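Visitor: Input file: work-v9.cif. Contents: mmCIF, C-alpha atoms.
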data_structure
#
loop_
_atom_site.label_atom_id
_atom_site.label_comp_id
_atom_site.auth_asym_id
_atom_site.auth_seq_id
_atom_site.Cartn_x
_atom_site.Cartn_y
_atom_site.Cartn_z
CA MET O 379 0.00 0.00 0.00
CA SER O 380 1.40 3.42 -0.97
CA ASP O 381 1.76 6.11 1.69
CA LYS O 382 -1.11 8.04 0.10
CA ASN O 383 -3.47 5.08 0.23
CA ALA O 384 -2.37 4.35 3.78
CA ILE O 385 -3.25 7.91 4.81
CA ILE O 386 -6.65 7.64 3.14
CA ALA O 387 -7.24 4.41 5.06
CA ALA O 388 -6.20 6.11 8.31
CA LEU O 389 -8.62 8.97 7.66
CA GLU O 390 -11.47 6.48 7.67
CA SER O 391 -11.54 6.93 11.45
CA VAL O 392 -11.93 10.72 11.18
CA ILE O 393 -15.64 11.50 11.14
CA LEU O 394 -16.99 14.79 9.84
CA PRO O 395 -19.51 16.58 12.08
CA GLY O 396 -23.21 16.63 11.34
CA GLY O 397 -23.37 13.11 9.97
CA GLY O 398 -20.86 13.87 7.23
CA GLY O 399 -19.31 10.41 7.41
CA PRO O 400 -15.63 9.46 7.20
CA LEU O 401 -13.29 12.14 5.90
CA SER O 402 -11.64 9.63 3.59
CA ARG O 403 -14.84 9.27 1.53
CA SER O 404 -15.76 12.94 1.54
CA ARG O 405 -15.32 15.47 -1.24
CA ALA O 406 -14.06 17.81 1.47
CA LEU O 407 -10.68 16.03 1.32
CA SER O 408 -8.18 17.52 -1.12
CA GLU O 409 -5.43 15.79 -3.06
CA ILE O 410 -2.79 14.41 -0.67
CA VAL O 411 0.80 15.42 -1.40
CA ILE O 412 3.71 13.59 0.25
CA HIS O 413 7.26 14.91 0.16
CA GLN O 414 10.17 13.49 2.17
CA GLY O 415 7.86 11.93 4.72
CA LYS O 416 5.69 15.04 5.12
CA ALA O 417 2.01 14.87 4.16
CA TYR O 418 0.10 17.93 2.98
CA PHE O 419 -3.65 18.15 2.38
CA SER O 420 -6.64 20.34 3.14
CA ILE O 421 -10.22 19.92 4.34
CA SER O 422 -12.94 22.10 2.84
CA VAL O 423 -15.66 23.20 5.24
CA PRO O 424 -18.40 25.85 5.23
CA ALA O 425 -17.11 29.19 6.51
CA ALA O 426 -19.51 29.17 9.45
CA GLU O 427 -18.14 25.80 10.64
CA VAL O 428 -14.41 26.53 10.56
CA ALA O 429 -14.08 26.83 14.34
CA ALA O 430 -16.01 23.61 14.94
CA ALA O 431 -13.92 21.79 12.34
CA GLU O 432 -10.63 22.45 14.14
CA SER O 433 -11.01 19.20 16.06
CA VAL O 434 -11.44 17.38 12.73
CA ARG O 435 -8.26 18.99 11.40
CA LEU O 436 -6.28 17.92 14.46
CA ALA O 437 -7.69 14.39 14.26
CA ALA O 438 -6.72 14.21 10.56
CA GLU O 439 -3.17 15.35 11.34
CA ASN O 440 -2.82 12.77 14.10
CA ALA O 441 -4.21 10.02 11.86
CA ALA O 442 -1.78 10.90 9.07
CA ARG O 443 1.18 11.01 11.45
CA GLY O 444 0.32 7.51 12.61
CA VAL O 445 0.98 6.08 9.15
CA PRO O 446 4.37 4.33 8.91
CA GLY O 447 6.82 6.43 6.94
CA ILE O 448 5.02 9.73 7.61
CA VAL O 449 7.07 11.91 9.94
CA SER O 450 4.73 14.90 10.00
CA ALA O 451 1.47 16.17 8.52
CA ILE O 452 0.30 19.67 7.66
CA VAL O 453 -3.48 19.89 7.32
CA THR O 454 -5.27 23.14 6.59
CA LEU O 455 -8.93 24.15 6.63
CA THR O 456 -10.26 25.93 3.56
CA ALA O 457 -13.60 27.69 3.34
CA GLU O 458 -15.60 29.66 0.83
CA LYS O 459 -18.08 32.27 1.88
CA ALA O 460 -20.65 33.77 -0.44
CA ALA O 461 -20.80 37.55 -0.36
CA SER O 462 -23.91 39.08 1.18
CA PRO O 463 -25.96 41.51 -0.94
CA SER O 464 -24.52 44.45 0.99
CA GLN O 465 -20.98 43.16 0.48
CA ALA O 466 -21.59 42.59 -3.21
CA ALA O 467 -22.76 46.17 -3.60
CA ALA O 468 -19.85 47.64 -1.68
CA PRO O 469 -16.76 48.80 -3.60
CA LYS O 470 -14.00 46.22 -3.77
CA PRO O 471 -10.88 46.95 -1.74
CA GLY O 472 -7.98 48.40 -3.63
CA PRO O 473 -4.57 46.79 -4.05
CA ALA O 474 -2.44 46.01 -1.06
CA PRO O 475 -0.07 48.86 -0.26
CA GLN O 476 3.43 48.47 -1.63
CA GLY O 477 4.84 48.34 1.89
CA ALA O 478 2.84 45.16 2.57
CA LYS O 479 4.73 43.27 -0.10
CA VAL O 480 7.50 41.23 1.47
CA GLN O 481 10.74 41.06 -0.48
CA VAL O 482 12.28 37.70 -1.36
CA ALA O 483 15.76 37.65 0.13
CA GLY O 484 18.54 37.84 -2.46
CA VAL O 485 16.25 38.34 -5.47
CA LYS O 486 16.75 41.61 -7.35
CA HIS O 487 13.87 41.47 -9.87
CA ILE O 488 10.77 39.26 -9.92
CA VAL O 489 9.14 39.09 -13.35
CA ALA O 490 5.74 37.50 -13.94
CA VAL O 491 5.21 35.85 -17.32
CA ALA O 492 1.46 35.71 -17.78
CA SER O 493 -1.27 35.15 -20.33
CA GLY O 494 -4.96 35.90 -20.36
CA LYS O 495 -5.69 32.33 -21.47
CA GLY O 496 -3.96 28.97 -21.77
CA GLY O 497 -2.47 27.44 -24.89
CA VAL O 498 -0.52 30.45 -26.11
CA GLY O 499 2.95 29.13 -25.22
CA LYS O 500 3.42 31.05 -21.98
CA SER O 501 5.50 28.38 -20.22
CA THR O 502 7.74 27.77 -23.25
CA THR O 503 8.30 31.51 -23.47
CA ALA O 504 9.08 31.77 -19.75
CA CYS O 505 11.60 28.91 -19.97
CA ASN O 506 13.45 30.28 -23.01
CA LEU O 507 13.31 33.84 -21.71
CA ALA O 508 14.96 32.73 -18.46
CA LEU O 509 17.67 30.88 -20.38
CA ALA O 510 18.24 33.87 -22.65
CA LEU O 511 18.69 36.11 -19.61
CA ALA O 512 21.13 33.60 -18.12
CA ALA O 513 23.09 33.61 -21.38
CA ARG O 514 23.79 37.29 -20.66
CA GLY O 515 25.66 36.20 -17.53
CA LEU O 516 22.80 36.89 -15.14
CA LYS O 517 21.81 34.70 -12.20
CA VAL O 518 18.30 33.47 -12.97
CA GLY O 519 15.66 31.32 -11.29
CA VAL O 520 12.25 30.09 -12.43
CA LEU O 521 9.21 29.59 -10.21
CA ASP O 522 6.51 27.45 -11.80
CA ALA O 523 3.37 28.96 -10.24
CA ASP O 524 1.01 27.02 -12.51
CA ILE O 525 -0.10 24.53 -9.86
CA TYR O 526 -2.74 22.78 -11.98
CA GLY O 527 -0.52 22.41 -15.04
CA PRO O 528 3.20 22.53 -14.09
CA SER O 529 5.42 22.47 -17.19
CA MET O 530 8.91 23.42 -16.00
CA PRO O 531 10.12 19.92 -15.03
CA ARG O 532 9.47 18.79 -18.62
CA LEU O 533 10.76 21.96 -20.29
CA PHE O 534 14.04 21.90 -18.34
CA GLY O 535 14.37 18.11 -18.52
CA ILE O 536 14.66 17.85 -14.72
CA ARG O 537 13.78 14.68 -12.81
CA GLY O 538 13.85 13.90 -9.12
CA LYS O 539 12.73 15.73 -6.02
CA PRO O 540 14.21 18.72 -4.19
CA THR O 541 16.09 18.17 -0.96
CA LEU O 542 15.61 19.93 2.36
CA LYS O 543 18.20 22.54 3.23
CA GLU O 544 17.02 23.25 6.77
CA GLY O 545 13.69 23.32 8.54
CA ARG O 546 11.01 23.85 5.91
CA VAL O 547 13.39 25.39 3.34
CA LEU O 548 13.93 23.43 0.12
CA ASN O 549 16.91 23.51 -2.21
CA PRO O 550 15.71 24.36 -5.73
CA MET O 551 16.34 21.95 -8.58
CA GLU O 552 18.68 23.06 -11.35
CA GLY O 553 18.60 22.77 -15.13
CA TYR O 554 20.98 24.39 -17.63
CA GLY O 555 22.30 26.65 -14.87
CA ILE O 556 18.81 27.87 -13.88
CA LYS O 557 17.38 27.34 -10.39
CA VAL O 558 13.88 25.89 -10.76
CA MET O 559 11.03 25.13 -8.36
CA SER O 560 7.72 23.55 -9.36
CA ILE O 561 4.92 21.60 -7.73
CA GLY O 562 5.65 19.11 -10.51
CA PHE O 563 8.73 18.00 -8.55
CA LEU O 564 6.59 17.10 -5.55
CA VAL O 565 3.68 15.18 -7.11
CA GLU O 566 3.39 12.38 -9.64
CA ASP O 567 2.82 13.30 -13.29
CA ASP O 568 -0.62 11.68 -13.36
CA SER O 569 -1.82 13.20 -10.06
CA ALA O 570 -4.80 15.53 -10.35
CA MET O 571 -4.30 18.69 -8.28
CA ILE O 572 -7.82 18.91 -6.84
CA TRP O 573 -7.07 21.92 -4.66
CA ARG O 574 -9.19 24.91 -3.79
CA GLY O 575 -7.88 28.47 -4.07
CA PRO O 576 -6.42 28.86 -0.55
CA MET O 577 -4.38 25.65 -0.94
CA VAL O 578 -3.05 26.80 -4.31
CA ILE O 579 -2.08 30.20 -2.94
CA SER O 580 -0.38 28.61 0.06
CA ALA O 581 1.64 26.30 -2.22
CA ILE O 582 2.78 29.21 -4.40
CA GLN O 583 3.80 31.26 -1.36
CA GLN O 584 5.75 28.33 0.07
CA MET O 585 7.60 27.70 -3.20
CA LEU O 586 8.43 31.39 -3.39
CA ARG O 587 9.51 32.03 0.20
CA GLU O 588 10.59 28.62 1.53
CA VAL O 589 13.12 27.86 -1.20
CA ALA O 590 16.84 28.66 -0.98
CA TRP O 591 16.98 30.81 -4.13
CA GLY O 592 20.23 32.48 -3.13
CA ASP O 593 21.28 35.65 -4.96
CA LEU O 594 19.37 36.11 -8.23
CA ASP O 595 19.30 38.94 -10.71
CA VAL O 596 15.94 37.78 -12.03
CA LEU O 597 13.31 35.33 -10.78
CA VAL O 598 10.94 34.47 -13.64
CA VAL O 599 7.50 33.41 -12.39
CA ASP O 600 5.49 31.28 -14.82
CA MET O 601 2.01 32.41 -13.81
CA PRO O 602 -1.16 30.32 -14.12
CA PRO O 603 -3.21 31.31 -17.18
CA GLY O 604 -6.11 33.70 -16.71
CA THR O 605 -6.88 36.42 -14.19
CA GLY O 606 -8.16 34.50 -11.17
CA ASP O 607 -7.56 34.46 -7.45
CA ALA O 608 -4.06 32.96 -7.60
CA GLN O 609 -2.83 35.61 -10.05
CA LEU O 610 -4.44 38.46 -8.10
CA THR O 611 -3.07 37.30 -4.74
CA LEU O 612 0.44 36.86 -6.12
CA ALA O 613 0.36 40.30 -7.73
CA GLN O 614 -0.87 41.93 -4.53
CA ASN O 615 1.54 40.22 -2.13
CA VAL O 616 4.77 39.79 -4.10
CA PRO O 617 6.98 42.76 -5.08
CA LEU O 618 6.83 42.14 -8.83
CA ALA O 619 9.12 44.25 -10.98
CA GLY O 620 6.49 43.85 -13.67
CA ALA O 621 4.67 41.47 -15.96
CA VAL O 622 5.31 40.13 -19.45
CA ILE O 623 2.11 39.22 -21.32
CA VAL O 624 2.29 36.40 -23.87
CA SER O 625 -0.32 36.10 -26.62
CA THR O 626 -0.91 34.74 -30.08
CA PRO O 627 -1.94 37.29 -32.76
CA GLN O 628 -5.58 36.20 -33.11
CA ASP O 629 -8.43 38.39 -31.90
CA LEU O 630 -9.73 35.75 -29.49
CA ALA O 631 -6.44 35.73 -27.58
CA LEU O 632 -6.12 39.52 -27.65
CA ILE O 633 -9.37 39.90 -25.73
CA ASP O 634 -7.69 38.08 -22.85
CA VAL O 635 -4.55 40.18 -23.23
CA ARG O 636 -6.64 43.25 -22.43
CA ARG O 637 -8.02 41.53 -19.32
CA GLY O 638 -4.53 40.52 -18.20
CA ILE O 639 -3.13 44.01 -18.65
CA ALA O 640 -6.13 45.49 -16.84
CA MET O 641 -5.65 43.14 -13.88
CA PHE O 642 -1.96 43.96 -13.43
CA ARG O 643 -2.59 47.68 -13.77
CA LYS O 644 -5.41 47.47 -11.26
CA VAL O 645 -2.94 46.16 -8.67
CA GLU O 646 -0.27 48.62 -9.83
CA VAL O 647 2.12 46.10 -11.39
CA PRO O 648 3.97 47.61 -14.38
CA ILE O 649 3.56 45.98 -17.78
CA LEU O 650 7.08 45.20 -18.97
CA GLY O 651 5.86 44.28 -22.41
CA VAL O 652 3.90 42.01 -24.72
CA VAL O 653 5.28 39.02 -26.65
CA GLU O 654 3.56 37.72 -29.77
CA ASN O 655 4.05 33.94 -29.80
CA MET O 656 3.29 31.65 -32.78
CA SER O 657 3.49 34.86 -34.78
CA TYR O 658 3.89 33.27 -38.20
CA PHE O 659 4.93 30.00 -39.87
CA VAL O 660 7.49 29.52 -42.62
CA ALA O 661 7.16 26.24 -44.50
CA PRO O 662 10.54 24.48 -44.31
CA ASP O 663 10.19 22.94 -47.78
CA THR O 664 9.05 26.00 -49.75
CA GLY O 665 10.06 28.92 -47.57
CA LYS O 666 6.56 30.34 -47.96
CA ARG O 667 5.23 32.27 -45.01
CA TYR O 668 1.79 31.59 -43.52
CA ASP O 669 0.08 33.79 -40.92
CA ILE O 670 -1.84 30.92 -39.35
CA PHE O 671 -3.14 32.85 -36.35
CA SER O 672 -3.20 36.22 -38.15
CA TYR O 673 -0.20 38.50 -37.66
CA GLY O 674 0.73 41.62 -35.76
CA GLY O 675 -2.27 41.58 -33.44
CA ALA O 676 -0.22 41.54 -30.25
CA ARG O 677 1.98 44.40 -31.45
CA ALA O 678 -1.08 46.48 -32.34
CA GLU O 679 -2.73 45.68 -29.01
CA ALA O 680 0.43 46.64 -27.12
CA GLU O 681 0.41 50.01 -28.88
CA ARG O 682 -3.28 50.52 -28.04
CA GLN O 683 -2.58 49.72 -24.38
CA GLY O 684 0.50 51.91 -24.19
CA ALA O 685 2.66 48.88 -23.36
CA PRO O 686 6.09 48.01 -24.82
CA PHE O 687 6.19 45.37 -27.55
CA LEU O 688 9.08 43.03 -26.76
CA GLY O 689 9.09 40.92 -29.92
CA GLU O 690 7.63 38.03 -31.83
CA VAL O 691 8.41 34.31 -31.86
CA PRO O 692 7.49 32.26 -34.94
CA LEU O 693 5.55 29.01 -34.95
CA VAL O 694 8.37 26.51 -35.41
CA MET O 695 8.31 22.74 -35.10
CA ALA O 696 11.82 22.69 -33.63
CA ILE O 697 10.72 24.82 -30.67
CA ARG O 698 7.90 22.39 -29.91
CA GLU O 699 10.01 19.27 -30.38
CA LYS O 700 12.89 20.49 -28.24
CA SER O 701 10.56 21.78 -25.53
CA ASP O 702 8.85 18.38 -25.30
CA ALA O 703 12.27 16.72 -25.05
CA GLY O 704 13.48 19.01 -22.26
CA MET O 705 16.11 20.58 -24.51
CA PRO O 706 15.08 24.24 -24.97
CA ILE O 707 16.06 25.79 -28.26
CA THR O 708 17.97 28.62 -26.56
CA VAL O 709 20.34 25.95 -25.22
CA THR O 710 20.50 23.44 -28.06
CA GLU O 711 20.60 26.00 -30.91
CA PRO O 712 21.81 29.17 -29.16
CA ASP O 713 23.05 30.82 -32.36
CA GLY O 714 20.02 29.93 -34.47
CA PRO O 715 17.36 32.41 -35.60
CA HIS O 716 14.68 31.01 -33.30
CA ALA O 717 16.84 31.32 -30.20
CA GLY O 718 17.72 34.77 -31.51
CA ALA O 719 14.09 35.81 -31.11
CA TYR O 720 14.19 34.96 -27.41
CA HIS O 721 17.56 36.66 -26.95
CA ALA O 722 16.21 39.86 -28.50
CA ILE O 723 13.20 39.79 -26.18
CA ALA O 724 15.45 39.15 -23.16
CA GLU O 725 17.68 42.06 -24.19
CA ARG O 726 14.75 44.49 -24.30
CA LEU O 727 13.37 43.16 -21.02
CA TRP O 728 16.68 43.48 -19.18
CA GLN O 729 17.19 47.02 -20.44
CA SER O 730 13.77 47.94 -19.05
CA LEU O 731 14.51 46.29 -15.70
CA GLU O 732 17.85 48.02 -15.32
CA SER O 733 16.71 51.44 -16.49
CA GLY O 734 13.34 51.38 -14.74
CA SER O 735 11.81 52.82 -17.91
CA PHE O 736 8.63 50.84 -17.32
CA ASN O 737 7.92 52.64 -14.06
CA ARG O 738 5.83 55.40 -15.61
CA PRO O 739 2.44 55.77 -13.87
CA ALA O 740 -0.11 53.25 -15.10
CA PRO O 741 -3.43 54.69 -16.26
CA ARG O 742 -6.00 54.68 -13.47
CA ILE O 743 -8.93 52.37 -14.16
CA VAL O 744 -12.26 53.75 -12.98
CA PHE O 745 -15.41 51.69 -12.66
CA ASP O 746 -18.65 53.70 -12.83
#
Rewrite the coordinates I just gave you, this time as C-alpha cells.
Guide:
Amino acid sequence: MSDKNAIIAALESVILPGGGGPLSRSRALSEIVIHQGKAYFSISVPAAEVAAAESVRLAAENAARGVPGIVSAIVTLTAEKAASPSQAAAPKPGPAPQGAKVQVAGVKHIVAVASGKGGVGKSTTACNLALALAARGLKVGVLDADIYGPSMPRLFGIRGKPTLKEGRVLNPMEGYGIKVMSIGFLVEDDSAMIWRGPMVISAIQQMLREVAWGDLDVLVVDMPPGTGDAQLTLAQNVPLAGAVIVSTPQDLALIDVRRGIAMFRKVEVPILGVVENMSYFVAPDTGKRYDIFSYGGARAEAERQGAPFLGEVPLVMAIREKSDAGMPITVTEPDGPHAGAYHAIAERLWQSLESGSFNRPAPRIVFD
C-alpha cells in the first residue's frame, strides 16, 4: 500500500460533524501530497463551521502522522463564503499597499510571465526567456506557479525531487544553470491537483519564500493562465518588478490580453511588455510564409494599451520538439534564428529592468 493510500485508510476513522461520514470518503478532502515523509492536504468546510472543524483537522493530522513512513502532517482548513448583498454592492478593496509586499531575500527582480488564457505558449516563453537572460551572464531562477498544469520539469528536462536545506526550506532543482522550483517535482505526473484556491495560494507562497533561491538577478514566475484568485493574490503580495504578457496574434487571444493588462494595472504592477508567440509560420520545404493565427495583433494591441512590444516568436516545429524533449532551443541551438528571437526579447526586457523605464504611472482604471 502506498503512503497516500495508507493515509486515506487512516482517515477512515476521522468522522466529519453533522453526519458527514468518514473524511476519507468525503469530497471535502483535497489531493494528498507527500514529500520526504511530510504529508500535505486540506479539508474544505463551510465558513460558518471553521471553528467547529478544528477538532477534525487535528484528528486528521494525528491520523496521518500515525501512518508508517510519515514523519509529519500539515493539514489546513479551507472555506468559501458567499458575499452578502450588501458586500456585493460595496466597492471592492484596492490593491495592497506596496509596503505590505515582502521582499524575497537575495532576489533583485521578480518578473511574472502571464497570459490571459492557456495554450498560447506562456511556459515555453518563460523557460526560453529565463535561459536567454542567463546567457547574458545573469543569475536566474524560475518559479513554476502554474499549480494545476506545471510544465517546467518537462521543459528543463529535470527529474527527481528537491532536498531539504534546513527546517522547511527546500533547495531548488537546477537545469541548464537555472534554479527551478515547481509543484511538478513534488507530485506524480498523473496526479490531479484537486485543490481549492487557498491551498493553491499557500503552495505558491511556500515555493516562493521557503526555497533557498540564493542571490538572483531575475526570478521568472510562470504564472497560471487567466486572471483568477491565484494571479491576483500573487500580484498583490509579491513585489513584482512587472509582468510580461504572452499572446498569439488572433483576436480571441487579444481579448484576454486586455483583461490581463487590466488586472496587473489594477494592482499597480507595471507591464514590462507584450510578446507575440506563434506569430507566423514559414514552410521548411518551400520557404513560404503563412500567418496561421493572423499576424501583428499583439503588437497592435500593445500600442493601443501603451505597453512596450518586446518581440515576436514564430511558430516553429523545432521549438515544440525540443521543448517536449526538455532541450530548450535557446540551449541546443543558441546561435540559431529562433533562439535569436528569445535573446532579442530578453535584451529588451533586461534594459527595461535596469533602467526602470517601465515605471511610468499606469493609467488609473475607474469603474462607474
Visitor: List the residues selected by the PyMOL selection byres ((chain O and resi 625) around 12) in the file shown, writing them as number ranges by chain.
Guide: O: 491-501, 503, 603-604, 622-624, 626-639, 651-657, 671-680, 687-691
Visitor: Report the residues retrieved by the PyMOL selection byres ((chain O and resi 433) around 12) from the displayed file, expressed as number ranges by chain.
Guide: O: 392-395, 421, 427-432, 434-440, 453-455
Visitor: Put the listed atoms of segment 502-519 of chain O in a box along x, y and z with 8 Å added on every side and give me the centre and edge lengths in Å to one decimal, as lines of an AutoDock Vina configuration file.
Guide:
center_x = 16.7
center_y = 32.5
center_z = -17.4
size_x = 33.9
size_y = 25.5
size_z = 28.2
Visitor: Selection in question (the file shown): the PyMOL selection byres ((chain O and resi 562) around 10). Which residues does it include, as a list in words?
Guide: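 In the shown coordinates, the PyMOL selection byres ((chain O and resi 562) around 10) covers Asp522, Asp524, Ile525, Tyr526, Gly527, Pro528, Ser529, Met530, Pro531, Arg532, Arg537, Gly538, Lys539, Met559, Ser560, Ile561, Phe563, Leu564, Val565, Glu566, Asp567 and Ser569 of chain O.
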Visitor: Just give me the gap between atom CA of Arg403 of chain O and atom CA of Leu389 of chain O in Å, one decimal is fine.
Guide: 8.7 Å
Visitor: Name the closest residue to Ala490 of chain O among the candidates O:Tyr554, O:Phe642, O:Tyr720, O:Phe534; distances are taken between atoms, counting only C-alpha atoms.
Guide: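 Smallest separation from Ala490 of chain O among the options: O:Phe642.
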Visitor: For the atom pair atom CA of Ile410 of chain O and atom CA of Ile386 of chain O, what is the interatomic distance in Å to one decimal place?
Guide: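 If I compute the distance from atom CA of Ile410 of chain O to atom CA of Ile386 of chain O, I get 8.7 Å.
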Visitor: May I ask for the distance between atom CA of Met601 of chain O and atom CA of His413 of chain O, given in Å to one decimal place?
Guide: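 For atom CA of Met601 of chain O relative to atom CA of His413 of chain O, the distance reads 23.0 Å.
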Visitor: Neighbours of segment 509-521 of chain O within 8 Å (only C-alpha atoms; same-chain residues fewer than 5 positions away dropped), as JSON, numbers by chain?
Guide: {"O": [554, 555, 556, 557, 558, 559, 560, 585, 586, 591, 593, 594, 595, 596, 597, 598, 599, 600, 708, 709, 720, 721, 724, 725, 728]}
Visitor: Would you mind exporting the chosen residues as an mmCIF file, in the frame of the given file, restricted to C-alpha atoms?
Guide:
data_model
loop_
_atom_site.group_PDB
_atom_site.id
_atom_site.type_symbol
_atom_site.label_atom_id
_atom_site.label_comp_id
_atom_site.auth_asym_id
_atom_site.auth_seq_id
_atom_site.Cartn_x
_atom_site.Cartn_y
_atom_site.Cartn_z
ATOM 1 C CA TYR O 554 20.980 24.390 -17.630
ATOM 2 C CA GLY O 555 22.300 26.650 -14.870
ATOM 3 C CA ILE O 556 18.810 27.870 -13.880
ATOM 4 C CA LYS O 557 17.380 27.340 -10.390
ATOM 5 C CA VAL O 558 13.880 25.890 -10.760
ATOM 6 C CA MET O 559 11.030 25.130 -8.360
ATOM 7 C CA SER O 560 7.720 23.550 -9.360
ATOM 8 C CA MET O 585 7.600 27.700 -3.200
ATOM 9 C CA LEU O 586 8.430 31.390 -3.390
ATOM 10 C CA TRP O 591 16.980 30.810 -4.130
ATOM 11 C CA ASP O 593 21.280 35.650 -4.960
ATOM 12 C CA LEU O 594 19.370 36.110 -8.230
ATOM 13 C CA ASP O 595 19.300 38.940 -10.710
ATOM 14 C CA VAL O 596 15.940 37.780 -12.030
ATOM 15 C CA LEU O 597 13.310 35.330 -10.780
ATOM 16 C CA VAL O 598 10.940 34.470 -13.640
ATOM 17 C CA VAL O 599 7.500 33.410 -12.390
ATOM 18 C CA ASP O 600 5.490 31.280 -14.820
ATOM 19 C CA THR O 708 17.970 28.620 -26.560
ATOM 20 C CA VAL O 709 20.340 25.950 -25.220
ATOM 21 C CA TYR O 720 14.190 34.960 -27.410
ATOM 22 C CA HIS O 721 17.560 36.660 -26.950
ATOM 23 C CA ALA O 724 15.450 39.150 -23.160
ATOM 24 C CA GLU O 725 17.680 42.060 -24.190
ATOM 25 C CA TRP O 728 16.680 43.480 -19.180
#
Visitor: Taking only C-alpha atoms into account, which of O:Glu544, O:Cys505, O:Val449, O:Leu650 comes nearest Ile697 of chain O?
Guide: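 Of O:Glu544, O:Cys505, O:Val449, O:Leu650, the one nearest Ile697 of chain O is O:Cys505, counting only C-alpha atoms.
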